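As structure tokens, the structure follows; a few thoughts come after it.
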Amino acid sequence: MIWIGIDPGLRSGAIAAVDHNGQYVGAYDIAAVQDRIDARALKQMILSLTTPGDDYAICLEQVWTMPKQGIASTGRFMRAFGAIGAVAELCCERIFYVTPQVWKKAMSVTSDKNEALVAARIAFPQATLLLKKDHGKAEALLIAEYARRTFS
């Protein structure tokens with residue numbers, strides 16, 4: 001069983017996977033073309049994290065608009081979230097949604113991006129999480145691990 005976690009976002013979105021034992025499978029930043037998610041590239045990322053015949057599930061962070069965020073940036077972000085969700089649902093029958101508050105509490109991290117990086121570096125030392133900008137991949141890995149622990 002492969003557990004795929006997705007941290008949605010237009011510029012900082014990421015996808016990552018762990019296997020049924022909690023071992024690192026892979027992690028990628030989600031590609032964007034101008035102000036849109038590259039849906040075809042995201043589909044290929046999902047398929048590259050699995051092999052034909054693998055049973056897999058996707059856990060997508062359920063996000064909402066943020067107060068004081070501009071209308072245009074909110075629109076771009078929610079369009080990205082919708083595209084990511086649509087690709088995930090077309091690729092996989094088992095989709096789970098989880099709010100940031102729920103998975104972060106379960107994984108003992110706060111909203112501080114550095115905490116997610118540290119936790120993911122400890123749990124998945126083979127993952128390439130060298131830079132601060134890798135926080136999306138770190139969160140995607142933690143979402144995948146949350147899903148494995150919760151929905152197995």
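Chain lettering (A, B, ...) mirrors the order of the structure tokens, residue numbering begins at 1 for each chain separately, and ligand numbering begins at 1 in order of display.
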Determine which residues of chain A DSSP labels as strand (DSSP E) from the backbone of this structure, then write them out as a ChimeraX atom specification. /A:2-7,14-19,24-29,32-33,36-37,56-61,95-98
Using only N, CA and C atoms, please write the residues we just selected to a file, as a compact mmCIF listing (two decimals), in the first residue's frame.
```
# COMPACT_ATOMS: atom_id res chain seq x y z
N ILE A 2 0.57 2.17 -0.86
CA ILE A 2 1.28 3.44 -0.93
C ILE A 2 0.34 4.54 -0.45
N TRP A 3 0.85 5.38 0.42
CA TRP A 3 0.08 6.51 0.96
C TRP A 3 0.68 7.78 0.40
N ILE A 4 -0.13 8.54 -0.34
CA ILE A 4 0.32 9.77 -0.97
C ILE A 4 -0.29 10.96 -0.22
N GLY A 5 0.55 11.90 0.14
CA GLY A 5 0.09 13.12 0.79
C GLY A 5 0.27 14.29 -0.14
N ILE A 6 -0.68 15.21 -0.12
CA ILE A 6 -0.58 16.39 -0.96
C ILE A 6 -0.79 17.64 -0.12
N ASP A 7 0.20 18.53 -0.19
CA ASP A 7 0.11 19.86 0.41
C ASP A 7 -0.19 20.80 -0.75
N ALA A 14 3.11 20.54 -2.95
CA ALA A 14 3.99 19.38 -3.06
C ALA A 14 3.21 18.10 -2.89
N ILE A 15 3.81 17.02 -3.36
CA ILE A 15 3.23 15.69 -3.27
C ILE A 15 4.33 14.75 -2.80
N ALA A 16 3.98 13.80 -1.94
CA ALA A 16 4.97 12.86 -1.41
C ALA A 16 4.28 11.55 -1.07
N ALA A 17 5.08 10.51 -0.94
CA ALA A 17 4.50 9.19 -0.64
C ALA A 17 5.38 8.40 0.32
N VAL A 18 4.69 7.56 1.10
CA VAL A 18 5.33 6.58 1.96
C VAL A 18 4.65 5.23 1.70
N ASP A 19 5.38 4.16 2.00
CA ASP A 19 4.77 2.84 1.80
C ASP A 19 4.06 2.38 3.07
N TYR A 24 10.00 6.06 3.14
CA TYR A 24 9.97 7.10 2.11
C TYR A 24 9.93 6.48 0.71
N VAL A 25 9.01 6.98 -0.13
CA VAL A 25 8.93 6.55 -1.52
C VAL A 25 9.41 7.65 -2.45
N GLY A 26 8.97 8.89 -2.22
CA GLY A 26 9.38 10.00 -3.06
C GLY A 26 8.65 11.27 -2.69
N ALA A 27 9.14 12.39 -3.20
CA ALA A 27 8.51 13.69 -2.94
C ALA A 27 8.87 14.64 -4.08
N TYR A 28 7.88 15.43 -4.49
CA TYR A 28 8.06 16.39 -5.58
C TYR A 28 7.34 17.69 -5.26
N ASP A 29 7.87 18.77 -5.79
CA ASP A 29 7.12 20.03 -5.81
C ASP A 29 6.11 19.91 -6.95
N ALA A 32 3.81 24.20 -11.72
CA ALA A 32 2.83 25.20 -12.15
C ALA A 32 3.33 25.83 -13.44
N VAL A 33 2.38 26.16 -14.29
CA VAL A 33 2.68 26.88 -15.52
C VAL A 33 1.95 28.20 -15.42
N ARG A 36 -1.31 28.50 -13.20
CA ARG A 36 -2.13 27.28 -13.20
C ARG A 36 -1.28 26.07 -12.85
N ILE A 37 -1.92 25.10 -12.20
CA ILE A 37 -1.27 23.83 -11.91
C ILE A 37 -1.08 23.09 -13.23
N TYR A 56 -3.14 2.16 -3.65
CA TYR A 56 -2.70 3.42 -3.07
C TYR A 56 -3.89 4.31 -2.74
N ALA A 57 -3.63 5.25 -1.85
CA ALA A 57 -4.63 6.22 -1.42
C ALA A 57 -3.97 7.59 -1.38
N ILE A 58 -4.79 8.60 -1.54
CA ILE A 58 -4.29 9.98 -1.52
C ILE A 58 -4.97 10.73 -0.38
N CYS A 59 -4.17 11.45 0.37
CA CYS A 59 -4.69 12.31 1.44
C CYS A 59 -4.33 13.74 1.07
N LEU A 60 -5.33 14.55 0.88
CA LEU A 60 -5.17 15.94 0.44
C LEU A 60 -5.53 16.88 1.59
N GLU A 61 -4.65 17.82 1.85
CA GLU A 61 -4.93 18.81 2.88
C GLU A 61 -6.10 19.68 2.44
N ILE A 95 -9.68 8.68 -1.71
CA ILE A 95 -9.23 10.04 -1.42
C ILE A 95 -9.69 10.40 -0.01
N PHE A 96 -8.79 10.94 0.76
CA PHE A 96 -9.12 11.43 2.10
C PHE A 96 -8.75 12.92 2.15
N TYR A 97 -9.55 13.70 2.84
CA TYR A 97 -9.26 15.12 3.05
C TYR A 97 -9.04 15.31 4.54
N VAL A 98 -8.06 16.13 4.89
CA VAL A 98 -7.76 16.38 6.29
C VAL A 98 -7.39 17.86 6.45
```
Would you pick out the contacts of Asp134 in chain A at 12 Å or less, using only C-alpha atoms, so that residues sharing its chain but fewer than 3 positions from it are not included, and give the list as a VMD selection string? chain A and resid 7 11 to 16 27 to 30 113 to 114 116 to 118 120 to 121 127 to 131 137 to 141
Could you write out that same residue set with N, CA, C and O atoms as a short mmCIF file (atom, residue, chain, number, x, y, z; two decimals), in the first residue's frame?
```cif
data_model
loop_
_atom_site.label_atom_id
_atom_site.label_comp_id
_atom_site.auth_asym_id
_atom_site.auth_seq_id
_atom_site.Cartn_x
_atom_site.Cartn_y
_atom_site.Cartn_z
N ASP A 7 0.20 18.53 -0.19
CA ASP A 7 0.11 19.86 0.41
C ASP A 7 -0.19 20.80 -0.75
O ASP A 7 0.69 21.07 -1.57
N ARG A 11 2.34 27.89 -5.73
CA ARG A 11 3.80 28.09 -5.77
C ARG A 11 4.54 27.14 -4.83
O ARG A 11 5.70 26.84 -5.05
N SER A 12 3.89 26.68 -3.76
CA SER A 12 4.60 25.86 -2.78
C SER A 12 3.95 24.50 -2.58
O SER A 12 4.25 23.81 -1.61
N GLY A 13 3.07 24.11 -3.49
CA GLY A 13 2.42 22.81 -3.36
C GLY A 13 3.41 21.67 -3.57
O GLY A 13 4.41 21.81 -4.27
N ALA A 14 3.11 20.54 -2.95
CA ALA A 14 3.99 19.38 -3.06
C ALA A 14 3.21 18.10 -2.89
O ALA A 14 2.11 18.09 -2.33
N ILE A 15 3.81 17.02 -3.36
CA ILE A 15 3.23 15.69 -3.27
C ILE A 15 4.33 14.75 -2.80
O ILE A 15 5.49 14.90 -3.20
N ALA A 16 3.98 13.80 -1.94
CA ALA A 16 4.97 12.86 -1.41
C ALA A 16 4.28 11.55 -1.07
O ALA A 16 3.06 11.50 -0.91
N ALA A 27 9.14 12.39 -3.20
CA ALA A 27 8.51 13.69 -2.94
C ALA A 27 8.87 14.64 -4.08
O ALA A 27 9.99 14.63 -4.58
N TYR A 28 7.88 15.43 -4.49
CA TYR A 28 8.06 16.39 -5.58
C TYR A 28 7.34 17.69 -5.26
O TYR A 28 6.30 17.68 -4.61
N ASP A 29 7.87 18.77 -5.79
CA ASP A 29 7.12 20.03 -5.81
C ASP A 29 6.11 19.91 -6.95
O ASP A 29 6.42 19.36 -8.01
N ILE A 30 4.91 20.42 -6.75
CA ILE A 30 3.90 20.40 -7.79
C ILE A 30 4.22 21.49 -8.80
O ILE A 30 4.42 22.64 -8.44
N LYS A 113 6.54 26.38 9.64
CA LYS A 113 7.07 25.56 8.55
C LYS A 113 8.38 24.87 8.93
O LYS A 113 8.67 23.76 8.48
N ASN A 114 9.18 25.51 9.78
CA ASN A 114 10.44 24.90 10.22
C ASN A 114 10.20 23.62 11.01
O ASN A 114 10.97 22.68 10.90
N ALA A 116 7.79 21.47 10.61
CA ALA A 116 7.48 20.40 9.65
C ALA A 116 8.76 19.92 8.98
O ALA A 116 8.94 18.70 8.79
N LEU A 117 9.64 20.83 8.61
CA LEU A 117 10.91 20.44 8.00
C LEU A 117 11.73 19.56 8.93
O LEU A 117 12.24 18.51 8.53
N VAL A 118 11.85 19.97 10.18
CA VAL A 118 12.64 19.20 11.15
C VAL A 118 12.02 17.82 11.36
O VAL A 118 12.71 16.80 11.33
N ALA A 120 10.03 16.09 9.38
CA ALA A 120 10.17 15.26 8.18
C ALA A 120 11.61 14.82 7.97
O ALA A 120 11.86 13.69 7.53
N ARG A 121 12.57 15.69 8.27
CA ARG A 121 13.98 15.30 8.13
C ARG A 121 14.33 14.16 9.08
O ARG A 121 15.10 13.26 8.72
N ALA A 127 14.94 11.58 2.38
CA ALA A 127 14.27 12.60 1.57
C ALA A 127 15.20 13.82 1.43
O ALA A 127 15.91 14.18 2.36
N THR A 128 15.16 14.44 0.28
CA THR A 128 15.97 15.63 0.04
C THR A 128 15.17 16.85 0.49
O THR A 128 14.35 17.38 -0.26
N LEU A 129 15.41 17.25 1.72
CA LEU A 129 14.71 18.40 2.32
C LEU A 129 15.77 19.35 2.87
O LEU A 129 15.82 19.61 4.06
N LEU A 130 16.61 19.85 1.99
CA LEU A 130 17.76 20.64 2.41
C LEU A 130 17.48 22.11 2.61
O LEU A 130 18.14 22.77 3.40
N LEU A 131 16.50 22.63 1.87
CA LEU A 131 16.26 24.07 1.87
C LEU A 131 14.96 24.43 2.57
O LEU A 131 14.05 23.60 2.68
N LYS A 137 7.25 19.86 0.53
CA LYS A 137 7.52 18.42 0.46
C LYS A 137 7.51 17.81 1.86
O LYS A 137 7.02 16.70 2.05
N ALA A 138 8.05 18.55 2.83
CA ALA A 138 8.04 18.06 4.22
C ALA A 138 6.60 17.87 4.71
O ALA A 138 6.27 16.84 5.30
N GLU A 139 5.76 18.86 4.45
CA GLU A 139 4.37 18.74 4.89
C GLU A 139 3.64 17.63 4.13
O GLU A 139 2.86 16.89 4.72
N ALA A 140 3.91 17.48 2.85
CA ALA A 140 3.28 16.40 2.08
C ALA A 140 3.69 15.03 2.65
O ALA A 140 2.85 14.12 2.75
N LEU A 141 4.96 14.89 3.03
CA LEU A 141 5.40 13.64 3.65
C LEU A 141 4.68 13.38 4.97
O LEU A 141 4.25 12.26 5.26
#
```
Let me make sure I understand: among A:Cys91, A:Phe81, A:Met1, A:Ser152, which one has the smallest atom-to-atom distance to Met45 in chain A if we use only C-alpha atoms?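 Counting only C-alpha atoms, the residue closest to Met45 in chain A is A:Cys91.
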Mind pulling up the distance from CA of Ile143 in chain A to CA of Arg79 in chain A?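 For CA of Arg79 in chain A relative to CA of Ile143 in chain A, the distance reads 21.1 Å.
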Residues flagged helix (DSSP H, G or I) by DSSP in chain A, as a ChimeraX atom specification: /A:39-48,71-91,100-106,113-123,132-151
C-alpha atoms of the current selection, written as an mmCIF file, in the first residue's frame:
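Written file, selection.cif:
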```cif
data_model
loop_
_atom_site.group_PDB
_atom_site.id
_atom_site.type_symbol
_atom_site.label_atom_id
_atom_site.label_comp_id
_atom_site.auth_asym_id
_atom_site.auth_seq_id
_atom_site.Cartn_x
_atom_site.Cartn_y
_atom_site.Cartn_z
ATOM 1 C CA ALA A 39 -2.349 18.888 -14.274
ATOM 2 C CA ARG A 40 -0.601 16.498 -16.662
ATOM 3 C CA ALA A 41 2.653 16.750 -14.719
ATOM 4 C CA LEU A 42 0.789 16.183 -11.436
ATOM 5 C CA LYS A 43 -0.832 13.052 -12.873
ATOM 6 C CA GLN A 44 2.620 11.765 -13.878
ATOM 7 C CA MET A 45 3.944 12.491 -10.379
ATOM 8 C CA ILE A 46 1.128 10.447 -8.833
ATOM 9 C CA LEU A 47 1.763 7.578 -11.253
ATOM 10 C CA SER A 48 5.536 7.710 -10.639
ATOM 11 C CA ILE A 71 -9.296 38.399 -4.033
ATOM 12 C CA ALA A 72 -6.993 37.650 -6.974
ATOM 13 C CA SER A 73 -4.547 35.545 -4.938
ATOM 14 C CA THR A 74 -7.442 33.754 -3.237
ATOM 15 C CA GLY A 75 -8.906 32.951 -6.643
ATOM 16 C CA ARG A 76 -5.594 31.587 -7.959
ATOM 17 C CA PHE A 77 -5.054 29.517 -4.816
ATOM 18 C CA MET A 78 -8.534 28.003 -4.829
ATOM 19 C CA ARG A 79 -8.286 27.282 -8.570
ATOM 20 C CA ALA A 80 -5.023 25.436 -7.848
ATOM 21 C CA PHE A 81 -6.664 23.502 -4.994
ATOM 22 C CA GLY A 82 -9.547 22.524 -7.279
ATOM 23 C CA ALA A 83 -7.205 21.357 -10.031
ATOM 24 C CA ILE A 84 -5.117 19.317 -7.590
ATOM 25 C CA GLY A 85 -8.250 17.742 -6.114
ATOM 26 C CA ALA A 86 -9.649 16.916 -9.556
ATOM 27 C CA VAL A 87 -6.425 15.240 -10.708
ATOM 28 C CA ALA A 88 -6.213 13.281 -7.449
ATOM 29 C CA GLU A 89 -9.804 12.081 -7.739
ATOM 30 C CA LEU A 90 -9.319 11.056 -11.371
ATOM 31 C CA CYS A 91 -6.183 9.068 -10.493
ATOM 32 C CA PRO A 100 -4.160 21.266 8.666
ATOM 33 C CA GLN A 101 -5.189 21.468 12.315
ATOM 34 C CA VAL A 102 -5.998 17.747 12.489
ATOM 35 C CA TRP A 103 -2.926 16.305 10.778
ATOM 36 C CA LYS A 104 -0.527 18.775 12.415
ATOM 37 C CA LYS A 105 -1.826 17.930 15.879
ATOM 38 C CA ALA A 106 -1.532 14.206 15.144
ATOM 39 C CA LYS A 113 7.072 25.560 8.548
ATOM 40 C CA ASN A 114 10.440 24.899 10.220
ATOM 41 C CA GLU A 115 8.838 22.388 12.585
ATOM 42 C CA ALA A 116 7.478 20.402 9.652
ATOM 43 C CA LEU A 117 10.906 20.443 7.997
ATOM 44 C CA VAL A 118 12.639 19.197 11.152
ATOM 45 C CA ALA A 119 10.032 16.499 11.792
ATOM 46 C CA ALA A 120 10.167 15.256 8.183
ATOM 47 C CA ARG A 121 13.977 15.303 8.129
ATOM 48 C CA ILE A 122 14.017 13.114 11.245
ATOM 49 C CA ALA A 123 11.286 10.725 10.063
ATOM 50 C CA LYS A 132 13.650 26.148 3.636
ATOM 51 C CA LYS A 133 11.597 26.105 0.418
ATOM 52 C CA ASP A 134 11.292 22.308 0.816
ATOM 53 C CA HIS A 135 8.649 22.826 3.508
ATOM 54 C CA GLY A 136 5.902 21.822 1.046
ATOM 55 C CA LYS A 137 7.521 18.425 0.458
ATOM 56 C CA ALA A 138 8.042 18.059 4.217
ATOM 57 C CA GLU A 139 4.369 18.744 4.887
ATOM 58 C CA ALA A 140 3.284 16.398 2.085
ATOM 59 C CA LEU A 141 5.398 13.635 3.650
ATOM 60 C CA LEU A 142 3.863 14.254 7.060
ATOM 61 C CA ILE A 143 0.364 14.213 5.527
ATOM 62 C CA ALA A 144 1.170 10.873 3.852
ATOM 63 C CA GLU A 145 2.431 9.462 7.149
ATOM 64 C CA TYR A 146 -0.641 10.819 8.954
ATOM 65 C CA ALA A 147 -2.863 9.029 6.397
ATOM 66 C CA ARG A 148 -0.923 5.773 6.793
ATOM 67 C CA ARG A 149 -1.316 5.855 10.567
ATOM 68 C CA THR A 150 -4.946 6.952 10.493
ATOM 69 C CA PHE A 151 -6.570 5.114 7.590
#
```
Min atom-atom distance to Trp64 in chain A from the set A:Ser111, A:Thr51, A:Gly9, A:Asn21, counting only C-alpha atoms, belongs to A:Gly9
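Taking CA of Gln62 in chain A and CA of Thr99 in chain A as endpoints, the distance between them is 4.8 Å.
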